[in-house]
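With compact mmCIF, C-alpha atoms inside, this is work.txt:
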# COMPACT_ATOMS: atom_id res chain seq x y z
CA MET A 141 -10.69 -42.14 -13.95
CA GLU A 142 -13.72 -39.84 -13.78
CA LEU A 143 -16.45 -39.56 -11.18
CA ASN A 144 -19.21 -40.37 -13.67
CA GLN A 145 -17.36 -43.59 -14.51
CA LEU A 146 -17.24 -44.47 -10.82
CA GLU A 147 -20.96 -43.76 -10.49
CA THR A 148 -21.67 -46.20 -13.34
CA PHE A 149 -19.28 -48.75 -11.83
CA LEU A 150 -21.03 -48.60 -8.45
CA ALA A 151 -24.45 -48.88 -10.07
CA VAL A 152 -23.41 -52.11 -11.82
CA ALA A 153 -21.80 -53.44 -8.63
CA GLU A 154 -24.86 -52.66 -6.54
CA GLU A 155 -27.39 -53.94 -9.07
CA ARG A 156 -25.16 -56.94 -9.91
CA SER A 157 -26.33 -56.54 -13.49
CA PHE A 158 -25.38 -54.37 -16.45
CA SER A 159 -28.98 -54.26 -17.67
CA ARG A 160 -30.48 -53.28 -14.30
CA ALA A 161 -27.77 -50.64 -13.86
CA ALA A 162 -28.66 -49.23 -17.29
CA VAL A 163 -32.32 -48.90 -16.26
CA ARG A 164 -31.33 -47.23 -13.01
CA LEU A 165 -29.07 -44.76 -14.80
CA HIS A 166 -31.53 -44.18 -17.65
CA ARG A 167 -28.95 -45.29 -20.17
CA THR A 168 -28.64 -48.15 -22.66
CA GLN A 169 -26.84 -51.33 -21.70
CA PRO A 170 -24.19 -50.87 -24.45
CA ALA A 171 -23.47 -47.39 -23.11
CA VAL A 172 -22.97 -48.74 -19.60
CA SER A 173 -20.72 -51.53 -20.90
CA GLN A 174 -18.62 -48.99 -22.79
CA VAL A 175 -18.14 -46.86 -19.67
CA ILE A 176 -16.98 -49.92 -17.70
CA ARG A 177 -14.54 -50.93 -20.46
CA LYS A 178 -13.00 -47.43 -20.46
CA LEU A 179 -12.72 -47.49 -16.67
CA GLU A 180 -10.99 -50.89 -16.78
CA GLU A 181 -8.58 -49.58 -19.41
CA SER A 182 -7.90 -46.56 -17.21
CA VAL A 183 -7.04 -48.61 -14.10
CA GLY A 184 -5.47 -51.46 -16.04
CA GLU A 185 -7.54 -54.13 -14.30
CA THR A 186 -10.63 -56.21 -14.98
CA LEU A 187 -13.31 -55.16 -12.50
CA PHE A 188 -16.12 -57.65 -13.14
CA ASP A 189 -15.92 -61.40 -13.49
CA ARG A 190 -17.39 -61.83 -16.96
CA ALA A 191 -17.65 -65.61 -16.50
CA ALA A 192 -20.08 -65.19 -13.63
CA ARG A 193 -23.69 -64.34 -14.37
CA ASP A 194 -24.31 -62.45 -11.10
CA GLY A 195 -22.10 -59.40 -11.76
CA SER A 196 -19.46 -60.52 -9.29
CA LEU A 197 -16.51 -58.20 -8.71
CA THR A 198 -12.91 -59.22 -9.11
CA ALA A 199 -10.42 -58.48 -6.32
CA ALA A 200 -9.54 -55.24 -8.13
CA GLY A 201 -13.25 -54.41 -8.38
CA VAL A 202 -13.77 -54.91 -4.65
CA LEU A 203 -10.81 -52.63 -3.89
CA LEU A 204 -12.02 -49.93 -6.29
CA ARG A 205 -15.58 -50.12 -4.93
CA ASP A 206 -14.40 -49.04 -1.48
CA TYR A 207 -12.50 -46.05 -2.88
CA ALA A 208 -15.33 -45.14 -5.27
CA GLN A 209 -17.83 -45.05 -2.41
CA ARG A 210 -15.55 -42.77 -0.41
CA LEU A 211 -14.87 -40.47 -3.38
CA LEU A 212 -18.54 -40.06 -4.24
CA ALA A 213 -19.40 -39.52 -0.58
CA LEU A 214 -16.76 -36.75 -0.49
CA ARG A 215 -18.30 -35.18 -3.58
CA ARG A 216 -21.73 -35.17 -1.92
CA GLU A 217 -20.21 -33.71 1.23
CA ALA A 218 -18.42 -30.99 -0.77
CA SER A 219 -21.60 -30.16 -2.68
CA SER A 220 -23.55 -29.95 0.57
CA ALA A 221 -20.87 -27.74 2.15
CA MET A 222 -20.96 -25.37 -0.82
CA GLY A 223 -24.72 -25.12 -0.46
CA GLU A 224 -24.38 -24.40 3.25
CA LEU A 225 -21.80 -21.74 2.48
CA LYS A 226 -24.10 -20.05 -0.02
CA ASN A 227 -27.03 -20.23 2.41
CA LEU A 228 -24.80 -18.94 5.25
CA GLU A 229 -25.26 -22.10 7.27
CA ARG A 230 -21.48 -22.12 7.58
CA GLY A 231 -18.62 -19.78 6.64
CA HIS A 232 -16.03 -17.47 8.14
CA LEU A 233 -15.99 -13.67 8.18
CA GLN A 234 -12.52 -12.15 8.64
CA LEU A 235 -12.15 -8.49 9.62
CA ALA A 236 -9.36 -6.19 10.74
CA ALA A 237 -9.64 -3.18 13.04
CA ASN A 238 -7.61 -1.25 15.56
CA GLU A 239 -8.58 -0.89 19.22
CA TYR A 240 -10.85 2.10 18.56
CA THR A 241 -12.64 0.93 15.41
CA CYS A 242 -13.23 -2.48 16.96
CA MET A 243 -15.73 -0.76 19.29
CA TYR A 244 -17.84 0.19 16.27
CA LEU A 245 -17.88 -3.42 15.09
CA LEU A 246 -19.49 -4.78 18.27
CA PRO A 247 -23.11 -3.80 17.51
CA ALA A 248 -22.60 -4.75 13.85
CA ILE A 249 -21.24 -8.19 14.73
CA ASP A 250 -24.03 -8.66 17.27
CA ALA A 251 -26.66 -8.01 14.59
CA PHE A 252 -24.82 -10.21 12.08
CA ARG A 253 -24.49 -13.16 14.45
CA ARG A 254 -28.14 -12.98 15.42
CA GLU A 255 -29.09 -13.41 11.77
CA PHE A 256 -26.30 -15.84 10.80
CA PRO A 257 -25.34 -17.78 13.96
CA HIS A 258 -23.45 -20.50 12.06
CA VAL A 259 -20.95 -18.10 10.45
CA SER A 260 -17.81 -17.67 12.57
CA VAL A 261 -16.31 -14.18 12.92
CA THR A 262 -12.68 -13.24 13.51
CA VAL A 263 -11.59 -9.65 14.15
CA GLN A 264 -7.85 -9.23 13.94
CA ARG A 265 -6.45 -6.29 15.89
CA MET A 266 -4.11 -4.26 13.70
CA LEU A 267 -2.73 -0.75 13.30
CA ALA A 268 -4.99 1.15 10.91
CA SER A 269 -2.00 2.15 8.79
CA ARG A 270 -1.31 -1.53 8.00
CA ILE A 271 -4.83 -2.55 7.05
CA PRO A 272 -4.73 -1.62 3.31
CA GLU A 273 -1.46 -3.51 2.86
CA GLU A 274 -2.84 -6.60 4.58
CA LEU A 275 -6.01 -6.38 2.49
CA SER A 276 -3.82 -6.43 -0.62
CA LEU A 277 -2.10 -9.55 0.72
CA ARG A 278 -5.55 -11.12 1.22
CA THR A 279 -4.83 -11.72 4.91
CA PHE A 280 -8.48 -10.89 5.60
CA GLU A 281 -11.50 -9.68 3.67
CA LEU A 282 -12.69 -6.41 5.22
CA GLY A 283 -11.10 -3.69 7.32
CA VAL A 284 -12.35 -0.70 9.33
CA ILE A 285 -10.32 2.51 9.20
CA SER A 286 -10.83 6.26 9.71
CA TYR A 287 -9.15 7.46 6.51
CA ARG A 288 -9.47 6.82 2.78
CA PRO A 289 -6.82 4.58 1.21
CA ASP A 290 -6.02 4.68 -2.52
CA PRO A 291 -9.49 4.80 -4.16
CA ALA A 292 -8.13 3.11 -7.28
CA GLN A 293 -7.34 0.01 -5.25
CA PHE A 294 -9.87 0.08 -2.41
CA ARG A 295 -13.60 0.57 -2.13
CA THR A 296 -14.71 2.45 0.99
CA ILE A 297 -18.08 2.77 2.66
CA ALA A 298 -18.67 5.41 5.34
CA VAL A 299 -20.38 3.55 8.18
CA TYR A 300 -20.08 5.68 11.33
CA ALA A 301 -19.50 9.32 12.29
CA ASP A 302 -17.74 9.91 15.59
CA SER A 303 -16.35 12.91 17.43
CA LEU A 304 -13.42 13.62 19.70
CA ALA A 305 -14.33 13.75 23.41
CA PHE A 306 -12.46 15.71 26.07
CA ILE A 307 -12.90 13.67 29.25
CA VAL A 308 -12.15 14.16 32.92
CA GLY A 309 -12.83 12.22 36.09
CA PRO A 310 -16.05 13.01 37.99
CA ARG A 311 -14.08 14.71 40.79
CA HIS A 312 -11.92 16.81 38.48
CA ALA A 313 -12.17 20.60 38.80
CA LEU A 314 -13.52 20.86 35.24
CA ALA A 315 -16.17 18.16 35.71
CA LYS A 316 -18.89 20.72 36.50
CA ALA A 317 -17.99 22.96 33.57
CA HIS A 318 -20.29 22.60 30.60
CA ARG A 319 -17.82 24.16 28.20
CA VAL A 320 -14.19 25.36 28.32
CA SER A 321 -11.77 26.97 25.89
CA ILE A 322 -8.63 25.30 24.63
CA ASN A 323 -6.72 28.15 26.30
CA ASP A 324 -7.98 26.88 29.66
CA LEU A 325 -6.19 23.58 29.15
CA GLY A 326 -2.57 24.73 29.12
CA SER A 327 -1.97 23.66 32.71
CA GLU A 328 -3.74 20.30 32.46
CA LEU A 329 -1.90 16.97 32.45
CA PHE A 330 -2.97 15.03 29.36
CA VAL A 331 -2.98 11.25 29.38
CA ALA A 332 -2.19 10.41 25.77
CA HIS A 333 -2.30 7.36 23.52
CA ASN A 334 1.26 6.49 22.51
CA VAL A 335 0.25 5.34 19.01
CA THR A 336 0.97 7.89 16.30
CA SER A 337 -2.17 8.74 14.36
CA PRO A 338 -3.65 11.53 12.19
CA LEU A 339 -5.90 12.48 15.12
CA ARG A 340 -2.95 12.92 17.47
CA ARG A 341 -1.29 15.23 14.91
CA LYS A 342 -4.49 17.28 14.57
CA VAL A 343 -4.69 17.77 18.34
CA ILE A 344 -1.06 18.87 18.55
CA GLU A 345 -1.59 21.29 15.65
CA ALA A 346 -4.71 22.73 17.32
CA PHE A 347 -2.82 23.52 20.53
CA GLN A 348 -0.02 25.10 18.50
CA ARG A 349 -2.50 27.18 16.52
CA TYR A 350 -4.02 28.58 19.71
CA ARG A 351 -0.58 29.02 21.31
CA THR A 352 -1.50 26.81 24.25
CA PRO A 353 0.94 24.37 25.90
CA LEU A 354 0.05 20.71 25.52
CA ASN A 355 1.46 18.74 28.42
CA MET A 356 1.32 15.04 27.45
CA GLY A 357 3.05 13.93 30.62
CA ILE A 358 1.66 10.42 30.57
CA GLU A 359 1.40 8.10 27.56
CA LEU A 360 -0.35 4.75 27.73
CA PRO A 361 -0.61 1.92 25.19
CA THR A 362 -4.40 1.47 25.02
CA ILE A 363 -7.52 3.61 25.15
CA GLU A 364 -8.91 1.30 27.84
CA ALA A 365 -5.94 2.11 30.07
CA ILE A 366 -6.38 5.84 29.40
CA LYS A 367 -10.07 5.72 30.36
CA ARG A 368 -9.40 3.90 33.61
CA PHE A 369 -6.49 6.14 34.57
CA VAL A 370 -8.50 9.33 34.02
CA ALA A 371 -11.50 7.87 35.86
CA MET A 372 -9.18 7.31 38.85
CA GLY A 373 -8.58 11.07 38.94
CA ASN A 374 -5.34 11.30 36.98
CA GLY A 375 -5.23 14.07 34.40
CA VAL A 376 -7.49 14.57 31.36
CA ALA A 377 -7.69 12.98 27.93
CA LEU A 378 -8.96 13.30 24.37
CA VAL A 379 -10.45 10.08 23.04
CA PRO A 380 -13.05 9.06 20.43
CA HIS A 381 -16.53 9.42 21.88
CA LEU A 382 -17.41 5.90 20.77
CA THR A 383 -14.86 4.44 23.18
CA VAL A 384 -16.25 6.19 26.27
CA ALA A 385 -20.01 6.20 25.62
CA HIS A 386 -20.63 3.57 28.33
CA GLU A 387 -18.47 5.33 30.95
CA LEU A 388 -20.14 8.68 30.26
CA GLU A 389 -23.58 7.15 30.68
CA ALA A 390 -22.52 5.42 33.91
CA GLY A 391 -20.96 8.61 35.31
CA ASP A 392 -17.47 7.14 35.59
CA LEU A 393 -16.21 9.87 33.25
CA VAL A 394 -17.44 13.35 32.33
CA ARG A 395 -17.29 14.94 28.88
CA VAL A 396 -16.62 18.67 28.70
CA LYS A 397 -17.12 20.55 25.43
CA VAL A 398 -14.09 22.29 23.90
CA ASP A 399 -15.18 24.11 20.73
CA GLU A 400 -11.66 24.35 19.33
CA LEU A 401 -11.28 20.57 19.61
CA GLU A 402 -14.56 19.55 17.99
CA MET A 403 -13.22 17.06 15.46
CA ARG A 404 -15.43 14.70 13.48
CA ARG A 405 -14.13 11.30 12.45
CA VAL A 406 -15.68 9.06 9.80
CA LEU A 407 -15.18 5.33 10.09
CA ARG A 408 -15.01 3.43 6.84
CA LEU A 409 -15.37 -0.20 5.92
CA THR A 410 -12.93 -1.02 3.15
CA HIS A 411 -12.03 -3.92 0.86
CA ARG A 412 -10.05 -4.47 -2.32
CA ARG A 413 -11.89 -2.92 -5.24
CA GLN A 414 -11.31 -5.99 -7.42
CA ALA A 415 -12.17 -8.45 -4.66
CA THR A 416 -15.04 -10.91 -4.98
CA LEU A 417 -16.50 -10.89 -1.50
CA SER A 418 -17.52 -14.14 0.15
CA TYR A 419 -21.19 -14.81 0.87
CA ALA A 420 -20.44 -13.95 4.50
CA GLY A 421 -18.77 -10.68 3.46
CA LYS A 422 -21.73 -9.66 1.31
CA ALA A 423 -24.13 -10.54 4.12
CA PHE A 424 -22.11 -8.42 6.55
CA LEU A 425 -22.39 -5.39 4.25
CA HIS A 426 -26.15 -5.93 4.14
CA THR A 427 -26.20 -6.08 7.96
CA LEU A 428 -24.38 -2.73 8.15
CA LYS A 429 -26.81 -1.19 5.68
CA GLU A 430 -29.78 -2.39 7.73
CA LEU A 431 -28.16 -1.17 10.96
CA ALA A 432 -27.83 2.33 9.45
CA ARG A 433 -31.41 2.25 8.16
CA LYS A 434 -32.91 1.20 11.47
CA GLN A 435 -30.79 3.23 13.89
CA GLY A 436 -29.77 6.23 11.83
CA PRO A 437 -26.91 8.57 12.84
CA PRO A 438 -24.22 8.06 13.97
CA PHE A 439 -24.53 4.89 11.85
CA TYR A 440 -24.33 5.42 8.09
CA PHE A 441 -23.94 3.42 4.91
CA HIS A 442 -22.54 5.65 2.21
CA VAL A 443 -20.46 4.20 -0.64
CA GLU A 444 -17.75 6.75 -1.39
CA ARG A 445 -16.92 7.58 -4.99
CA ALA A 446 -13.65 6.44 -6.47
CA GLY A 447 -12.89 9.82 -8.02
Go ahead and render the structure in this file as structure tokens.
Amino acid sequence: MELNQLETFLAVAEERSFSRAAVRLHRTQPAVSQVIRKLEESVGETLFDRAARDGSLTAAGVLLRDYAQRLLALRREASSAMGELKNLERGHLQLAANEYTCMYLLPAIDAFRREFPHVSVTVQRMLASRIPEELSLRTFELGVISYRPDPAQFRTIAVYADSLAFIVGPRHALAKAHRVSINDLGSELFVAHNVTSPLRRKVIEAFQRYRTPLNMGIELPTIEAIKRFVAMGNGVALVPHLTVAHELEAGDLVRVKVDELEMRRVLRLTHRRQATLSYAGKAFLHTLKELARKQGPPFYFHVERAG
């Protein structure tokens, strides 16, 4: 049973005539009759009462008509949905990011949703170290990370350049200092993020290199908790600038320059190199490219070479 057979069947049923159905379908009457015979052979039932002259349906024909109408309506619905998907009138964009990189996504998602309000967006929070593996499992389409995974398997696009910020509360003794040395920080209580990361290792190595004690007396599970705790007057912290931009502008936190801890981080959007991105995924890349063009640094859109 094929959909074109059902279309012919419904035309005959609606026109109540093989000849009128043939005109409607721009086919010959013998061709229409042949299609109906093949359909009857396929279902094993006679569909039209040949003794009647008004194209009456048999009981089997009446039953099939109801199903044929539903099937063809589903085909029209599916075709319409595919068109909406292509035109971004519907769709779903799935991304993965950790707590820090999710902050970068906010202006990008805002711009994307303004242009494509009917496309839903899901950002799954995940450790950056797991994102390439989950991309390979096709759990989601795009991920944001601060390192380069295997270039043979993943395509990466540099989208944002961030720096490490040394922050203190507004009433801290160092709040009025424009710049300090790493050697001045040996007696400070650092509020640290308890998630192991390449950045954490770089900070530890920097303190070791300058023979300065690093007192990480407090470790908290989220950057948000670290920011609030330091703003309350407890210790100092090193966090990505992107995560504290609002608090610095509002005066809730103060950034003090430490030359030895000036570390630049590049955020990258990544996806499987062999992946065929959805229409929503392609549109999101275009949104990021436009965001970089209009706003400039720290936003970028640089496709990194595989080699």
* **Length of the CA of Leu212 in chain A to CA of Leu165 in chain A vector [Å]** => 15.6 Å
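Within 10 Å of Arg156 in chain A, once only C-alpha atoms are used and residues closer than 6 positions along the same chain are dropped, the contacting residues are Leu150, Phe188, Arg193, Asp194, Gly195, Ser196 and Leu197 of chain A.
Nearest to Ala248 in chain A of all the residues A:Asp189, A:Glu444, A:Glu430, A:Asp392 is A:Glu430, based on only C-alpha atoms.
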* Length of the CA of Lys429 in chain A to CA of Leu388 in chain A vector [Å] -> 27.3 Å
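Closest to Ser337 in chain A among A:Ala153, A:Leu428, A:Ala200, A:Ile285 is A:Ile285, based on only C-alpha atoms.
With all atoms listed in the file as the atoms that count, the minimum distance from Val299 in chain A to the choices A:Arg190, A:Arg405, A:His232, A:Lys316 is reached by A:Arg405.
Every protein or nucleic acid residue with an atom no more than 8 Å from Ile358 in chain A, counting only C-alpha atoms and leaving out same-chain residues fewer than 6 positions away, appears here: Leu329, Phe330, Val331 and Ala332 of chain A.
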Rebuild range 260-288 of chain A so that it carries N, CA and C atoms, then output the result as a PDB file, in the coordinates of the input.
ATOM      1  N   SER A 260     -18.783 -18.113  11.562  1.00  0.00           N
ATOM      2  CA  SER A 260     -17.810 -17.670  12.570  1.00  0.00           C
ATOM      3  C   SER A 260     -17.232 -16.312  12.163  1.00  0.00           C
ATOM      4  N   VAL A 261     -16.838 -15.529  13.153  1.00  0.00           N
ATOM      5  CA  VAL A 261     -16.310 -14.180  12.920  1.00  0.00           C
ATOM      6  C   VAL A 261     -14.982 -14.029  13.637  1.00  0.00           C
ATOM      7  N   THR A 262     -13.988 -13.542  12.916  1.00  0.00           N
ATOM      8  CA  THR A 262     -12.680 -13.240  13.510  1.00  0.00           C
ATOM      9  C   THR A 262     -12.336 -11.787  13.232  1.00  0.00           C
ATOM     10  N   VAL A 263     -12.054 -11.032  14.301  1.00  0.00           N
ATOM     11  CA  VAL A 263     -11.590  -9.650  14.150  1.00  0.00           C
ATOM     12  C   VAL A 263     -10.139  -9.608  14.588  1.00  0.00           C
ATOM     13  N   GLN A 264      -9.278  -9.285  13.649  1.00  0.00           N
ATOM     14  CA  GLN A 264      -7.850  -9.230  13.940  1.00  0.00           C
ATOM     15  C   GLN A 264      -7.471  -7.799  14.302  1.00  0.00           C
ATOM     16  N   ARG A 265      -6.878  -7.624  15.474  1.00  0.00           N
ATOM     17  CA  ARG A 265      -6.450  -6.290  15.890  1.00  0.00           C
ATOM     18  C   ARG A 265      -5.195  -5.887  15.120  1.00  0.00           C
ATOM     19  N   MET A 266      -5.222  -4.682  14.552  1.00  0.00           N
ATOM     20  CA  MET A 266      -4.110  -4.260  13.700  1.00  0.00           C
ATOM     21  C   MET A 266      -4.064  -2.737  13.635  1.00  0.00           C
ATOM     22  N   LEU A 267      -2.871  -2.188  13.513  1.00  0.00           N
ATOM     23  CA  LEU A 267      -2.730  -0.750  13.300  1.00  0.00           C
ATOM     24  C   LEU A 267      -3.459  -0.361  12.022  1.00  0.00           C
ATOM     25  N   ALA A 268      -4.213   0.730  12.076  1.00  0.00           N
ATOM     26  CA  ALA A 268      -4.990   1.150  10.910  1.00  0.00           C
ATOM     27  C   ALA A 268      -4.114   1.386   9.692  1.00  0.00           C
ATOM     28  N   SER A 269      -2.896   1.852   9.907  1.00  0.00           N
ATOM     29  CA  SER A 269      -2.000   2.150   8.790  1.00  0.00           C
ATOM     30  C   SER A 269      -1.600   0.895   8.014  1.00  0.00           C
ATOM     31  N   ARG A 270      -1.707  -0.276   8.654  1.00  0.00           N
ATOM     32  CA  ARG A 270      -1.310  -1.530   8.000  1.00  0.00           C
ATOM     33  C   ARG A 270      -2.457  -2.226   7.275  1.00  0.00           C
ATOM     34  N   ILE A 271      -3.673  -1.813   7.557  1.00  0.00           N
ATOM     35  CA  ILE A 271      -4.830  -2.550   7.050  1.00  0.00           C
ATOM     36  C   ILE A 271      -4.884  -2.608   5.522  1.00  0.00           C
ATOM     37  N   PRO A 272      -4.689  -1.510   4.774  1.00  0.00           N
ATOM     38  CA  PRO A 272      -4.730  -1.620   3.310  1.00  0.00           C
ATOM     39  C   PRO A 272      -3.693  -2.610   2.765  1.00  0.00           C
ATOM     40  N   GLU A 273      -2.501  -2.590   3.318  1.00  0.00           N
ATOM     41  CA  GLU A 273      -1.460  -3.510   2.860  1.00  0.00           C
ATOM     42  C   GLU A 273      -1.870  -4.969   3.092  1.00  0.00           C
ATOM     43  N   GLU A 274      -2.430  -5.240   4.267  1.00  0.00           N
ATOM     44  CA  GLU A 274      -2.840  -6.600   4.580  1.00  0.00           C
ATOM     45  C   GLU A 274      -4.048  -7.025   3.740  1.00  0.00           C
ATOM     46  N   LEU A 275      -4.913  -6.072   3.404  1.00  0.00           N
ATOM     47  CA  LEU A 275      -6.010  -6.380   2.490  1.00  0.00           C
ATOM     48  C   LEU A 275      -5.464  -6.804   1.132  1.00  0.00           C
ATOM     49  N   SER A 276      -4.440  -6.100   0.666  1.00  0.00           N
ATOM     50  CA  SER A 276      -3.820  -6.430  -0.620  1.00  0.00           C
ATOM     51  C   SER A 276      -3.194  -7.822  -0.589  1.00  0.00           C
ATOM     52  N   LEU A 277      -2.699  -8.217   0.581  1.00  0.00           N
ATOM     53  CA  LEU A 277      -2.100  -9.550   0.720  1.00  0.00           C
ATOM     54  C   LEU A 277      -3.151 -10.621   0.959  1.00  0.00           C
ATOM     55  N   ARG A 278      -4.431 -10.198   1.018  1.00  0.00           N
ATOM     56  CA  ARG A 278      -5.550 -11.120   1.220  1.00  0.00           C
ATOM     57  C   ARG A 278      -5.484 -11.832   2.571  1.00  0.00           C
ATOM     58  N   THR A 279      -4.895 -11.155   3.562  1.00  0.00           N
ATOM     59  CA  THR A 279      -4.830 -11.720   4.910  1.00  0.00           C
ATOM     60  C   THR A 279      -6.232 -11.830   5.503  1.00  0.00           C
ATOM     61  N   PHE A 280      -7.086 -10.891   5.169  1.00  0.00           N
ATOM     62  CA  PHE A 280      -8.480 -10.890   5.600  1.00  0.00           C
ATOM     63  C   PHE A 280      -9.295 -10.189   4.529  1.00  0.00           C
ATOM     64  N   GLU A 281     -10.587 -10.123   4.735  1.00  0.00           N
ATOM     65  CA  GLU A 281     -11.500  -9.680   3.670  1.00  0.00           C
ATOM     66  C   GLU A 281     -11.896  -8.212   3.781  1.00  0.00           C
ATOM     67  N   LEU A 282     -12.169  -7.762   4.997  1.00  0.00           N
ATOM     68  CA  LEU A 282     -12.690  -6.410   5.220  1.00  0.00           C
ATOM     69  C   LEU A 282     -11.907  -5.742   6.349  1.00  0.00           C
ATOM     70  N   GLY A 283     -11.775  -4.429   6.273  1.00  0.00           N
ATOM     71  CA  GLY A 283     -11.100  -3.690   7.320  1.00  0.00           C
ATOM     72  C   GLY A 283     -11.903  -2.445   7.674  1.00  0.00           C
ATOM     73  N   VAL A 284     -11.701  -1.936   8.896  1.00  0.00           N
ATOM     74  CA  VAL A 284     -12.350  -0.700   9.330  1.00  0.00           C
ATOM     75  C   VAL A 284     -11.269   0.312   9.669  1.00  0.00           C
ATOM     76  N   ILE A 285     -11.335   1.470   9.019  1.00  0.00           N
ATOM     77  CA  ILE A 285     -10.320   2.510   9.200  1.00  0.00           C
ATOM     78  C   ILE A 285     -11.010   3.882   9.248  1.00  0.00           C
ATOM     79  N   SER A 286     -10.259   4.916   9.609  1.00  0.00           N
ATOM     80  CA  SER A 286     -10.830   6.260   9.710  1.00  0.00           C
ATOM     81  C   SER A 286     -10.279   7.200   8.640  1.00  0.00           C
ATOM     82  N   TYR A 287      -9.668   6.636   7.610  1.00  0.00           N
ATOM     83  CA  TYR A 287      -9.150   7.460   6.510  1.00  0.00           C
ATOM     84  C   TYR A 287      -9.434   6.740   5.200  1.00  0.00           C
ATOM     85  N   ARG A 288      -9.220   7.428   4.084  1.00  0.00           N
ATOM     86  CA  ARG A 288      -9.470   6.820   2.780  1.00  0.00           C
ATOM     87  C   ARG A 288      -8.159   6.353   2.157  1.00  0.00           C
TER      88      ARG A 288
END
